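Novice: Input coords-v1.txt, format and content: compact mmCIF, C-alpha atoms.
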# COMPACT_ATOMS: atom_id res chain seq x y z
CA MET A 1 21.11 -12.49 -7.47
CA ASP A 2 21.43 -9.65 -10.02
CA ALA A 3 22.39 -6.01 -9.42
CA SER A 4 18.79 -4.83 -9.00
CA ASP A 5 18.15 -7.47 -6.34
CA LEU A 6 21.30 -6.41 -4.47
CA LEU A 7 20.21 -2.78 -4.62
CA ARG A 8 16.77 -3.70 -3.34
CA ASN A 9 18.19 -5.58 -0.35
CA SER A 10 20.56 -2.71 0.45
CA LEU A 11 17.70 -0.19 0.44
CA LEU A 12 15.59 -2.38 2.69
CA GLN A 13 18.51 -2.52 5.12
CA LEU A 14 18.81 1.27 4.99
CA SER A 15 15.12 1.63 5.88
CA LYS A 16 16.05 0.42 9.39
CA GLN A 17 19.25 2.47 9.84
CA GLU A 18 18.54 5.30 12.28
CA LYS A 19 21.79 7.20 11.58
CA ILE A 20 21.13 7.30 7.84
CA ARG A 21 17.53 8.25 8.52
CA ASP A 22 18.65 11.22 10.64
CA VAL A 23 20.98 12.50 7.90
CA ILE A 24 18.34 12.27 5.18
CA GLU A 25 15.51 13.70 7.29
CA LYS A 26 17.58 16.72 8.34
CA ALA A 27 18.75 17.55 4.83
CA PRO A 28 16.54 20.41 3.50
CA VAL A 29 16.78 19.04 -0.03
CA SER A 30 15.25 15.72 1.01
CA ARG A 31 11.86 17.16 1.84
CA SER A 32 11.53 18.94 -1.50
CA VAL A 33 12.37 15.73 -3.37
CA VAL A 34 10.16 13.55 -1.15
CA LYS A 35 7.12 15.72 -1.91
CA ARG A 36 6.82 13.87 -5.21
CA PHE A 37 6.02 10.71 -3.25
CA VAL A 38 4.45 12.14 -0.05
CA PRO A 39 2.25 15.25 -0.53
CA GLY A 40 2.77 16.45 3.03
CA THR A 41 2.61 15.75 6.74
CA ASP A 42 -0.79 17.26 7.56
CA ARG A 43 -4.39 16.30 6.85
CA ALA A 44 -4.95 19.36 4.69
CA ASP A 45 -2.02 18.31 2.47
CA VAL A 46 -3.43 14.89 1.73
CA VAL A 47 -7.05 16.01 1.36
CA GLY A 48 -5.86 18.51 -1.24
CA ALA A 49 -3.90 15.80 -3.05
CA ALA A 50 -6.91 13.47 -2.99
CA ALA A 51 -9.14 16.19 -4.41
CA GLU A 52 -6.68 16.71 -7.28
CA ILE A 53 -6.56 12.98 -7.99
CA ALA A 54 -10.37 12.73 -7.93
CA ALA A 55 -10.71 15.69 -10.30
CA SER A 56 -8.58 13.80 -12.85
CA GLY A 57 -10.95 10.82 -12.83
CA ARG A 58 -8.74 8.64 -10.65
CA LEU A 59 -9.61 6.95 -7.35
CA ALA A 60 -7.45 7.11 -4.22
CA THR A 61 -6.56 5.29 -1.02
CA ILE A 62 -4.78 7.15 1.80
CA ASP A 63 -2.23 5.80 4.26
CA TYR A 64 -1.36 7.71 7.44
CA LEU A 65 2.28 6.74 7.73
CA GLY A 66 3.45 4.90 10.83
CA GLU A 67 4.15 1.37 11.98
CA ASP A 68 5.74 -0.64 14.79
CA CYS A 69 3.77 1.33 17.38
CA LEU A 70 4.83 0.36 20.91
CA GLU A 71 2.81 2.87 22.94
CA LEU A 72 -0.96 2.86 23.39
CA ALA A 73 -1.16 6.65 23.10
CA GLN A 74 0.54 6.50 19.72
CA ALA A 75 -1.90 3.85 18.49
CA GLU A 76 -4.81 5.96 19.68
CA HIS A 77 -3.35 8.98 17.89
CA THR A 78 -3.22 7.00 14.64
CA ARG A 79 -6.84 5.86 15.09
CA ASP A 80 -7.93 9.46 15.71
CA ALA A 81 -5.96 10.68 12.69
CA TYR A 82 -7.86 8.26 10.44
CA VAL A 83 -11.26 9.15 11.90
CA GLY A 84 -10.52 12.85 11.46
CA LEU A 85 -9.23 12.24 7.95
CA LEU A 86 -12.40 10.39 6.93
CA THR A 87 -14.52 13.24 8.29
CA GLY A 88 -12.47 15.76 6.36
CA LEU A 89 -12.69 13.77 3.13
CA SER A 90 -16.44 13.33 3.56
CA ASP A 91 -16.92 17.05 4.16
CA GLN A 92 -15.21 17.67 0.82
CA GLY A 93 -17.51 15.16 -0.93
CA LEU A 94 -14.63 12.81 -1.79
CA THR A 95 -15.69 9.54 -0.17
CA GLN A 96 -19.06 8.61 -1.67
CA GLY A 97 -19.00 5.36 -3.59
CA GLY A 98 -15.50 4.61 -2.34
CA ARG A 99 -13.83 7.20 -4.58
CA VAL A 100 -11.36 7.89 -1.78
CA GLU A 101 -10.80 5.23 0.88
CA VAL A 102 -8.11 4.58 3.49
CA SER A 103 -5.44 1.91 4.00
CA LEU A 104 -4.49 0.73 7.50
CA LYS A 105 -1.48 -1.00 9.03
CA LEU A 106 -2.33 -2.99 12.14
CA SER A 107 1.15 -2.38 13.53
CA ALA A 108 0.37 1.35 13.57
CA LEU A 109 -2.83 0.64 15.50
CA GLY A 110 -1.15 -1.27 18.33
CA GLN A 111 -0.72 -4.85 17.08
CA ALA A 112 2.74 -5.14 18.68
CA LEU A 113 1.67 -3.85 22.09
CA PRO A 114 2.33 -6.37 24.87
CA GLY A 115 -0.57 -8.48 26.06
CA ASP A 116 -3.66 -7.54 24.07
CA GLY A 117 -2.01 -5.94 21.03
CA ASP A 118 -4.05 -7.87 18.48
CA ARG A 119 -7.32 -7.00 20.20
CA ILE A 120 -6.34 -3.34 20.63
CA ALA A 121 -5.41 -3.01 16.96
CA LEU A 122 -8.61 -4.76 15.89
CA ASP A 123 -10.75 -2.48 18.07
CA HIS A 124 -9.06 0.59 16.60
CA ALA A 125 -9.57 -0.77 13.09
CA ARG A 126 -13.27 -1.31 13.86
CA GLU A 127 -13.64 2.32 14.87
CA ILE A 128 -12.00 3.43 11.63
CA CYS A 129 -14.22 1.08 9.61
CA THR A 130 -17.28 2.56 11.34
CA ALA A 131 -16.14 6.07 10.39
CA ALA A 132 -15.48 4.92 6.82
CA GLU A 133 -18.93 3.35 6.54
CA LYS A 134 -20.50 6.56 7.80
CA ALA A 135 -18.54 8.49 5.18
CA GLY A 136 -19.73 6.18 2.41
CA THR A 137 -16.39 4.55 1.74
CA THR A 138 -14.32 1.60 2.90
CA VAL A 139 -10.96 0.43 4.23
CA THR A 140 -8.13 -1.76 2.96
CA LEU A 141 -6.06 -3.65 5.52
CA ASP A 142 -2.41 -3.40 4.54
CA MET A 143 -0.09 -6.39 4.81
CA GLU A 144 3.30 -6.16 6.55
CA ASP A 145 6.17 -8.58 7.07
CA HIS A 146 5.52 -12.34 6.96
CA THR A 147 5.54 -12.78 10.76
CA THR A 148 2.19 -10.94 10.93
CA THR A 149 0.46 -12.48 7.90
CA ASP A 150 -1.69 -15.01 9.73
CA ARG A 151 -2.68 -12.51 12.43
CA THR A 152 -3.56 -9.90 9.82
CA LEU A 153 -5.72 -12.35 7.87
CA GLU A 154 -7.50 -13.35 11.09
CA SER A 155 -8.20 -9.68 11.83
CA LEU A 156 -9.46 -9.33 8.25
CA ARG A 157 -11.93 -12.17 8.77
CA GLU A 158 -13.22 -10.58 11.98
CA LEU A 159 -13.59 -7.14 10.39
CA ARG A 160 -15.38 -8.54 7.35
CA ALA A 161 -18.03 -10.08 9.59
CA ASP A 162 -19.29 -6.54 10.25
CA PHE A 163 -17.75 -4.68 7.31
CA PRO A 164 -17.80 -7.05 4.29
CA SER A 165 -16.15 -4.56 1.94
CA VAL A 166 -12.86 -4.34 3.87
CA GLY A 167 -10.05 -4.99 1.40
CA ALA A 168 -7.09 -7.33 1.84
CA VAL A 169 -3.50 -7.06 0.61
CA LEU A 170 -1.45 -10.06 -0.51
CA GLN A 171 2.25 -10.03 -1.42
CA ALA A 172 3.38 -12.05 -4.43
CA TYR A 173 6.90 -12.65 -3.16
CA LEU A 174 5.67 -14.97 -0.39
CA TYR A 175 5.45 -18.65 -1.32
CA ARG A 176 2.08 -18.93 0.42
CA THR A 177 0.33 -16.18 -1.53
CA GLU A 178 -1.07 -18.21 -4.41
CA ALA A 179 -2.96 -20.35 -1.88
CA ASP A 180 -4.11 -17.23 -0.02
CA CYS A 181 -5.43 -15.84 -3.31
CA ARG A 182 -7.55 -18.95 -3.77
CA ASP A 183 -8.97 -18.53 -0.26
CA LEU A 184 -9.83 -14.87 -0.83
CA ALA A 185 -11.04 -14.92 -4.46
CA THR A 186 -14.67 -15.06 -3.33
CA ALA A 187 -17.70 -12.92 -4.08
CA GLY A 188 -17.46 -9.49 -2.48
CA SER A 189 -13.80 -9.92 -1.55
CA ARG A 190 -11.49 -7.04 -2.47
CA VAL A 191 -7.84 -8.11 -2.82
CA ARG A 192 -4.89 -5.86 -3.61
CA LEU A 193 -2.02 -7.86 -5.09
CA CYS A 194 1.43 -6.30 -4.77
CA LYS A 195 4.94 -7.67 -5.12
CA GLY A 196 5.97 -7.01 -1.50
CA ALA A 197 8.19 -4.38 0.11
CA TYR A 198 9.82 -5.97 3.17
CA LYS A 199 13.09 -7.87 3.46
CA GLU A 200 12.03 -11.50 3.83
CA PRO A 201 14.16 -14.65 4.25
CA GLU A 202 14.55 -17.24 1.53
CA SER A 203 12.65 -19.71 3.69
CA VAL A 204 9.37 -17.86 3.08
CA ALA A 205 9.84 -15.66 0.01
CA PHE A 206 11.17 -15.62 -3.52
CA GLN A 207 14.41 -13.61 -3.66
CA ALA A 208 14.94 -12.99 -7.39
CA SER A 209 12.83 -10.35 -9.16
CA ALA A 210 12.04 -12.73 -12.03
CA ASP A 211 10.63 -15.31 -9.61
CA VAL A 212 8.51 -12.66 -7.89
CA ASP A 213 7.10 -11.58 -11.26
CA LYS A 214 6.18 -15.17 -12.15
CA SER A 215 4.45 -15.59 -8.81
CA TYR A 216 2.58 -12.32 -9.36
CA VAL A 217 1.18 -13.59 -12.66
CA ARG A 218 0.13 -16.93 -11.12
CA CYS A 219 -1.64 -15.11 -8.30
CA LEU A 220 -3.26 -12.68 -10.71
CA LYS A 221 -4.68 -15.55 -12.74
CA VAL A 222 -6.34 -16.92 -9.62
CA LEU A 223 -7.85 -13.55 -8.70
CA MET A 224 -9.09 -12.73 -12.20
CA LYS A 225 -10.78 -16.13 -12.53
CA GLY A 226 -12.34 -15.79 -9.07
CA GLU A 227 -15.51 -14.02 -7.99
CA GLY A 228 -13.84 -11.24 -6.04
CA TYR A 229 -12.61 -7.76 -6.94
CA PRO A 230 -8.89 -7.79 -7.87
CA MET A 231 -6.79 -4.68 -7.27
CA VAL A 232 -3.67 -4.82 -9.45
CA ALA A 233 -0.96 -2.90 -7.59
CA SER A 234 1.96 -2.59 -9.99
CA HIS A 235 3.91 -0.05 -12.03
CA ASP A 236 5.41 -2.71 -14.28
CA PRO A 237 4.12 -2.21 -17.87
CA ARG A 238 4.40 -5.95 -18.56
CA LEU A 239 2.30 -6.90 -15.56
CA ILE A 240 -0.27 -4.22 -16.33
CA GLU A 241 -0.60 -5.55 -19.87
CA ILE A 242 -0.91 -9.12 -18.56
CA ALA A 243 -3.57 -8.01 -16.07
CA GLY A 244 -5.64 -6.47 -18.85
CA ALA A 245 -5.34 -9.61 -20.95
CA LEU A 246 -6.34 -11.86 -18.06
CA ALA A 247 -9.32 -9.63 -17.27
CA GLY A 248 -10.40 -9.90 -20.89
CA GLN A 249 -10.05 -13.68 -20.91
CA ALA A 250 -12.16 -13.85 -17.74
CA GLY A 251 -14.84 -11.64 -19.33
CA ARG A 252 -14.49 -9.02 -16.63
CA ASP A 253 -16.27 -5.69 -16.81
CA PRO A 254 -13.82 -2.76 -16.36
CA ARG A 255 -15.60 -1.88 -13.11
CA SER A 256 -15.06 -5.35 -11.64
CA PHE A 257 -11.35 -4.74 -10.96
CA GLU A 258 -8.90 -1.86 -10.71
CA TYR A 259 -5.29 -0.87 -11.17
CA GLN A 260 -3.32 0.77 -8.37
CA MET A 261 -0.15 2.85 -8.40
CA LEU A 262 1.73 4.94 -5.88
CA TYR A 263 1.40 8.70 -5.65
CA GLY A 264 4.10 10.36 -7.74
CA ILE A 265 5.10 7.31 -9.77
CA ARG A 266 4.15 7.16 -13.45
CA PRO A 267 1.39 9.81 -13.12
CA GLU A 268 1.02 10.09 -16.91
CA GLU A 269 0.38 6.34 -17.15
CA GLN A 270 -2.12 6.61 -14.30
CA ARG A 271 -4.10 9.20 -16.24
CA ARG A 272 -3.86 7.20 -19.45
CA ILE A 273 -5.35 4.13 -17.74
CA ALA A 274 -8.16 6.21 -16.22
CA ASP A 275 -8.84 7.99 -19.51
CA ARG A 276 -9.26 4.72 -21.41
CA GLY A 277 -12.12 3.77 -19.07
CA ASP A 278 -10.37 1.51 -16.56
CA GLN A 279 -10.38 2.15 -12.85
CA MET A 280 -7.11 3.60 -11.54
CA ARG A 281 -6.56 4.10 -7.80
CA VAL A 282 -3.63 6.10 -6.40
CA TYR A 283 -2.04 5.15 -3.06
CA ILE A 284 -1.37 8.44 -1.24
CA PRO A 285 0.72 8.43 1.96
CA TYR A 286 1.07 11.34 4.36
CA GLY A 287 2.53 12.08 7.79
CA GLN A 288 5.86 12.55 9.54
CA GLU A 289 7.02 8.92 9.26
CA TRP A 290 7.97 9.09 5.59
CA TYR A 291 11.53 7.72 5.71
CA GLY A 292 10.81 3.98 5.90
CA TYR A 293 8.08 4.38 3.28
CA LEU A 294 10.48 6.16 0.91
CA MET A 295 13.19 3.51 1.28
CA ARG A 296 10.74 0.69 0.53
CA ARG A 297 9.39 2.52 -2.52
CA MET A 298 12.91 2.87 -3.90
CA ALA A 299 13.57 -0.80 -3.12
CA GLU A 300 10.46 -1.83 -5.07
CA ARG A 301 11.54 0.14 -8.13
CA PRO A 302 15.26 0.93 -8.36
CA ALA A 303 14.57 3.58 -11.02
CA ASN A 304 13.23 5.68 -8.15
CA VAL A 305 16.77 5.83 -6.72
CA MET A 306 17.95 7.70 -9.81
CA PHE A 307 15.03 10.11 -9.52
CA PHE A 308 15.95 10.86 -5.90
CA LEU A 309 19.65 11.33 -6.70
CA ARG A 310 18.86 13.59 -9.65
CA GLY A 311 16.62 15.64 -7.40
CA VAL A 312 19.34 16.01 -4.79
CA ALA A 313 21.86 17.04 -7.46
CA THR A 314 19.48 19.58 -8.97
CA LYS A 315 18.34 21.08 -5.68
CA GLY A 316 21.89 21.09 -4.34
Can the structure from this file be put into structure tokens for me?

Specialist:
Amino acid sequence: MDASDLLRNSLLQLSKQEKIRDVIEKAPVSRSVVKRFVPGTDRADVVGAAAEIAASGRLATIDYLGEDCLELAQAEHTRDAYVGLLTGLSDQGLTQGGRVEVSLKLSALGQALPGDGDRIALDHAREICTAAEKAGTTVTLDMEDHTTTDRTLESLRELRADFPSVGAVLQAYLYRTEADCRDLATAGSRVRLCKGAYKEPESVAFQASADVDKSYVRCLKVLMKGEGYPMVASHDPRLIEIAGALAGQAGRDPRSFEYQMLYGIRPEEQRRIADRGDQMRVYIPYGQEWYGYLMRRMAERPANVMFFLRGVATKG
């Protein structure tokens, strides 16, 4: 395991440390630095960010931050936040044709609630999908740690029965993902391929960055050759170049797939990709629960750690 892999594992551990979280969240400097990655905590903040992204010719997907919900009222609050968000985006003319969509985590909608958690989360997701359809856009179902993969894919199948355009997310660091790509590379299927941002055991996931990259390329080949709509979620210049080459080999039209990057990371490259005629979607998070998100983003790309530390030093 190299130094970058060790740093990644350490950051993933920190994402669960409440004492460290309290220190960072209470530091005034943290919020000013975090705004590069999270535009704000309120709906108005993220609608404004989405409007700016749309004006630059980029697409967007919005995540209301929160996961591991253990109270029904909290799950209902998340559902209502998404429904209200979709209404606000529609009122601003941002949703038609899927220009701005939303991304959902089932754990934030009640999946872990005792008893009927899966059903509760699915019902909440259905309500959000209904609001998205009314707004003229769609939904992508985020993937979480490996213990929920099968349940998330089952919920995806149920949602697609009524809402065929619901997108899936697959994580290249899991051994199973290449097979899942084959299952989902079908006509009308939208699949976001990412590397993965949770700490997973060696029994289910590749541990070395080089092995994850190789898996990503294998999975991407499956998706590009398939009949679905690949969504290439990566900031890695090598993988972006490979994705373009594979799309060309498969004879894909630029509108038959898209690139995705996180809000605040490589914005100049995002604009360059959009300006050359390819589709570029920006993943925009918002809300109070930004700490775990930030730690996972730094774990995915250790260069982000240096950005954060430089920001602290400058602001301090």

Novice: What does the distance from atom CA of A:Ala245 to atom CA of A:Pro164 come to in Å, to one decimal?

Specialist: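 Value for the atom CA of A:Ala245-atom CA of A:Pro164 distance: 28.3 Å.
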
Novice: Per residue of stretch 153-246 of chain A within 12 Å of stretch 44-61 of chain A, what are the shortest atom pair and its distance in Å to one decimal, counting only C-alpha atoms, with rows by chain and residue number, as CSV?

Specialist:
residue,atom,partner,partner_atom,distance
A:Gly167,CA,A:Thr61,CA,11.1
A:Arg192,CA,A:Thr61,CA,11.6
A:Met231,CA,A:Thr61,CA,11.8
A:Ala233,CA,A:Thr61,CA,11.9

Novice: In terms of the shortest atom-to-atom distance over all atoms listed in the file, which of A:Leu156, A:Thr149, A:Gln92, A:Val83 is closest to A:Ile128?

Specialist: A:Val83

Novice: Tell me, in Å to one decimal, how far atom CA of A:Lys214 is from atom CA of A:Asp180.

Specialist: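 The value is 16.0 Å.
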
Novice: Within 8 Å of A:Ala205, counting all atoms listed in the file, which residues qualify if same-chain residues fewer than 6 places away don't, as a list in words?

Specialist: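 Counting only the stated atoms, we get Tyr173, Leu174 and Tyr175 of chain A.
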
Novice: Using C-alpha atoms, can you write the selected residues to a file as a PDB file, keeping the file's coordinate frame?

Specialist:
ATOM      1  CA  TYR A 173       6.900 -12.650  -3.160  1.00  0.00           C
ATOM      2  CA  LEU A 174       5.670 -14.970  -0.390  1.00  0.00           C
ATOM      3  CA  TYR A 175       5.450 -18.650  -1.320  1.00  0.00           C
TER       4      TYR A 175
END

Novice: As an exercise, work out the distance from atom CA of A:Tyr64 to atom CA of A:Ala108 in Å and give it to one decimal place.

Specialist: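 Pair atom CA of A:Tyr64 / atom CA of A:Ala108 returns 9.0 Å.
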
Novice: Contacts between stretch 120-127 of chain A and stretch 148-238 of chain A, please, where a residue of stretch 148-238 of chain A counts if it comes within 12 Å (with all atoms listed in the file); show its shortest atom pair and distance in Å to one decimal, rows by chain and ascending number, as JSON lines.

Specialist:
{"residue": "A:Arg151", "atom": "CA", "partner": "A:Leu122", "partner_atom": "CA", "distance": 10.4}
{"residue": "A:Thr152", "atom": "CA", "partner": "A:Leu122", "partner_atom": "CA", "distance": 9.4}
{"residue": "A:Leu153", "atom": "CA", "partner": "A:Leu122", "partner_atom": "CA", "distance": 11.4}
{"residue": "A:Glu154", "atom": "CA", "partner": "A:Leu122", "partner_atom": "CA", "distance": 9.9}
{"residue": "A:Ser155", "atom": "CA", "partner": "A:Leu122", "partner_atom": "CA", "distance": 6.4}
{"residue": "A:Leu156", "atom": "CA", "partner": "A:Leu122", "partner_atom": "CA", "distance": 8.9}
{"residue": "A:Arg157", "atom": "CA", "partner": "A:Leu122", "partner_atom": "CA", "distance": 10.8}
{"residue": "A:Glu158", "atom": "CA", "partner": "A:Leu122", "partner_atom": "CA", "distance": 8.4}
{"residue": "A:Leu159", "atom": "CA", "partner": "A:Arg126", "partner_atom": "CA", "distance": 6.8}
{"residue": "A:Arg160", "atom": "CA", "partner": "A:Arg126", "partner_atom": "CA", "distance": 10.0}
{"residue": "A:Ala161", "atom": "CA", "partner": "A:Arg126", "partner_atom": "CA", "distance": 10.9}
{"residue": "A:Asp162", "atom": "CA", "partner": "A:Arg126", "partner_atom": "CA", "distance": 8.8}
{"residue": "A:Phe163", "atom": "CA", "partner": "A:Arg126", "partner_atom": "CA", "distance": 8.6}
{"residue": "A:Val166", "atom": "CA", "partner": "A:Ala125", "partner_atom": "CA", "distance": 10.4}

Novice: Taking C-alpha atoms for each residue, export the selection above as a PDB file, in the coordinates of the input.

Specialist:
ATOM      1  CA  ARG A 151      -2.680 -12.510  12.430  1.00  0.00           C
ATOM      2  CA  THR A 152      -3.560  -9.900   9.820  1.00  0.00           C
ATOM      3  CA  LEU A 153      -5.720 -12.350   7.870  1.00  0.00           C
ATOM      4  CA  GLU A 154      -7.500 -13.350  11.090  1.00  0.00           C
ATOM      5  CA  SER A 155      -8.200  -9.680  11.830  1.00  0.00           C
ATOM      6  CA  LEU A 156      -9.460  -9.330   8.250  1.00  0.00           C
ATOM      7  CA  ARG A 157     -11.930 -12.170   8.770  1.00  0.00           C
ATOM      8  CA  GLU A 158     -13.220 -10.580  11.980  1.00  0.00           C
ATOM      9  CA  LEU A 159     -13.590  -7.140  10.390  1.00  0.00           C
ATOM     10  CA  ARG A 160     -15.380  -8.540   7.350  1.00  0.00           C
ATOM     11  CA  ALA A 161     -18.030 -10.080   9.590  1.00  0.00           C
ATOM     12  CA  ASP A 162     -19.290  -6.540  10.250  1.00  0.00           C
ATOM     13  CA  PHE A 163     -17.750  -4.680   7.310  1.00  0.00           C
ATOM     14  CA  VAL A 166     -12.860  -4.340   3.870  1.00  0.00           C
TER      15      VAL A 166
END

Novice: Report as a ChimeraX atom specification all protein, DNA and RNA residues lying within 9 Å of A:Tyr82, evaluated on only C-alpha atoms, omitting residues in the same chain fewer than 3 positions from it.

Specialist: /A:63-64,77-79,85-87,102,104,128,131

Novice: Between A:Val232, A:Leu170, A:Leu72, A:Ala135, which is the closest to A:Gly97 once you count only C-alpha atoms?

Specialist: A:Ala135

Novice: What's the 9 Å shell around stretch 264-273 of chain A, counting only C-alpha atoms, without same-chain residues fewer than 4 positions away, as a PyMOL selection string?

Specialist: chain A and resi 35-39+56-58+235+259-260+277-282+284+304

Novice: Near A:Gln288, within 10 Å and counting only C-alpha atoms, which residues show up once chain neighbours fewer than 5 positions away are dropped, as a list in words?

Specialist: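 Here the answer would be Glu25, Val38, Gly40, Thr41, Asp42, Tyr64, Leu65 and Gly66 of chain A.
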
Novice: From the set A:Gly117, A:Gln249, A:Tyr198, A:Phe257, which residue has the shortest atom-to-atom contact distance to A:Gly292, counting all atoms listed in the file?

Specialist: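 Ranked by minimum distance to A:Gly292, first place goes to A:Tyr198.
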
Novice: Nearest to A:Ala243: which of A:Asp116, A:Arg255, A:Ala210, A:Cys219 is it, counting only C-alpha atoms?

Specialist: A:Cys219

Novice: For stretch 220-229 of chain A, work out the shell of residues within 12 Å, counting all atoms listed in the file and skipping chain neighbours fewer than 3 positions away, then give it as a PyMOL selection string.

Specialist: chain A and resi 164-172+177-195+213-217+232-234+239-259+279

Novice: Dump C-alpha atoms for the selected residues as a short mmCIF file (atom, residue, chain, number, x, y, z; two decimals), in the coordinates of the input?

Specialist:
data_model
loop_
_atom_site.label_atom_id
_atom_site.label_comp_id
_atom_site.auth_asym_id
_atom_site.auth_seq_id
_atom_site.Cartn_x
_atom_site.Cartn_y
_atom_site.Cartn_z
CA PRO A 164 -17.80 -7.05 4.29
CA SER A 165 -16.15 -4.56 1.94
CA VAL A 166 -12.86 -4.34 3.87
CA GLY A 167 -10.05 -4.99 1.40
CA ALA A 168 -7.09 -7.33 1.84
CA VAL A 169 -3.50 -7.06 0.61
CA LEU A 170 -1.45 -10.06 -0.51
CA GLN A 171 2.25 -10.03 -1.42
CA ALA A 172 3.38 -12.05 -4.43
CA THR A 177 0.33 -16.18 -1.53
CA GLU A 178 -1.07 -18.21 -4.41
CA ALA A 179 -2.96 -20.35 -1.88
CA ASP A 180 -4.11 -17.23 -0.02
CA CYS A 181 -5.43 -15.84 -3.31
CA ARG A 182 -7.55 -18.95 -3.77
CA ASP A 183 -8.97 -18.53 -0.26
CA LEU A 184 -9.83 -14.87 -0.83
CA ALA A 185 -11.04 -14.92 -4.46
CA THR A 186 -14.67 -15.06 -3.33
CA ALA A 187 -17.70 -12.92 -4.08
CA GLY A 188 -17.46 -9.49 -2.48
CA SER A 189 -13.80 -9.92 -1.55
CA ARG A 190 -11.49 -7.04 -2.47
CA VAL A 191 -7.84 -8.11 -2.82
CA ARG A 192 -4.89 -5.86 -3.61
CA LEU A 193 -2.02 -7.86 -5.09
CA CYS A 194 1.43 -6.30 -4.77
CA LYS A 195 4.94 -7.67 -5.12
CA ASP A 213 7.10 -11.58 -11.26
CA LYS A 214 6.18 -15.17 -12.15
CA SER A 215 4.45 -15.59 -8.81
CA TYR A 216 2.58 -12.32 -9.36
CA VAL A 217 1.18 -13.59 -12.66
CA VAL A 232 -3.67 -4.82 -9.45
CA ALA A 233 -0.96 -2.90 -7.59
CA SER A 234 1.96 -2.59 -9.99
CA LEU A 239 2.30 -6.90 -15.56
CA ILE A 240 -0.27 -4.22 -16.33
CA GLU A 241 -0.60 -5.55 -19.87
CA ILE A 242 -0.91 -9.12 -18.56
CA ALA A 243 -3.57 -8.01 -16.07
CA GLY A 244 -5.64 -6.47 -18.85
CA ALA A 245 -5.34 -9.61 -20.95
CA LEU A 246 -6.34 -11.86 -18.06
CA ALA A 247 -9.32 -9.63 -17.27
CA GLY A 248 -10.40 -9.90 -20.89
CA GLN A 249 -10.05 -13.68 -20.91
CA ALA A 250 -12.16 -13.85 -17.74
CA GLY A 251 -14.84 -11.64 -19.33
CA ARG A 252 -14.49 -9.02 -16.63
CA ASP A 253 -16.27 -5.69 -16.81
CA PRO A 254 -13.82 -2.76 -16.36
CA ARG A 255 -15.60 -1.88 -13.11
CA SER A 256 -15.06 -5.35 -11.64
CA PHE A 257 -11.35 -4.74 -10.96
CA GLU A 258 -8.90 -1.86 -10.71
CA TYR A 259 -5.29 -0.87 -11.17
CA GLN A 279 -10.38 2.15 -12.85
#

Novice: Nearest to A:Val139 among A:Leu113, A:Phe206, A:Thr95, A:Arg119, with distances taken over all atoms listed in the file: which residue is it?

Specialist: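 Ranked by minimum distance to A:Val139, first place goes to A:Thr95.
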
Novice: Can you put N, CA and C atoms back into stretch 83-94 of chain A and show it as a compact mmCIF listing (two decimals), keeping the file's coordinate frame?

Specialist:
# COMPACT_ATOMS: atom_id res chain seq x y z
N VAL A 83 -9.86 8.72 11.74
CA VAL A 83 -11.26 9.15 11.90
C VAL A 83 -11.42 10.60 11.46
N GLY A 84 -10.48 11.45 11.88
CA GLY A 84 -10.52 12.85 11.46
C GLY A 84 -10.35 13.01 9.96
N LEU A 85 -9.46 12.20 9.39
CA LEU A 85 -9.23 12.24 7.95
C LEU A 85 -10.50 11.89 7.19
N LEU A 86 -11.18 10.82 7.61
CA LEU A 86 -12.40 10.39 6.93
C LEU A 86 -13.48 11.46 7.01
N THR A 87 -13.56 12.14 8.15
CA THR A 87 -14.52 13.24 8.29
C THR A 87 -14.18 14.36 7.33
N GLY A 88 -12.89 14.70 7.26
CA GLY A 88 -12.47 15.76 6.36
C GLY A 88 -12.72 15.43 4.89
N LEU A 89 -12.45 14.20 4.51
CA LEU A 89 -12.69 13.77 3.13
C LEU A 89 -14.18 13.79 2.80
N SER A 90 -14.99 13.33 3.76
CA SER A 90 -16.44 13.33 3.56
C SER A 90 -16.98 14.75 3.41
N ASP A 91 -16.47 15.65 4.24
CA ASP A 91 -16.92 17.05 4.16
C ASP A 91 -16.62 17.66 2.80
N GLN A 92 -15.56 17.17 2.15
CA GLN A 92 -15.21 17.67 0.82
C GLN A 92 -15.90 16.89 -0.30
N GLY A 93 -16.77 15.93 0.06
CA GLY A 93 -17.51 15.16 -0.93
C GLY A 93 -16.65 14.18 -1.71
N LEU A 94 -15.58 13.66 -1.08
CA LEU A 94 -14.63 12.81 -1.79
C LEU A 94 -14.81 11.32 -1.55
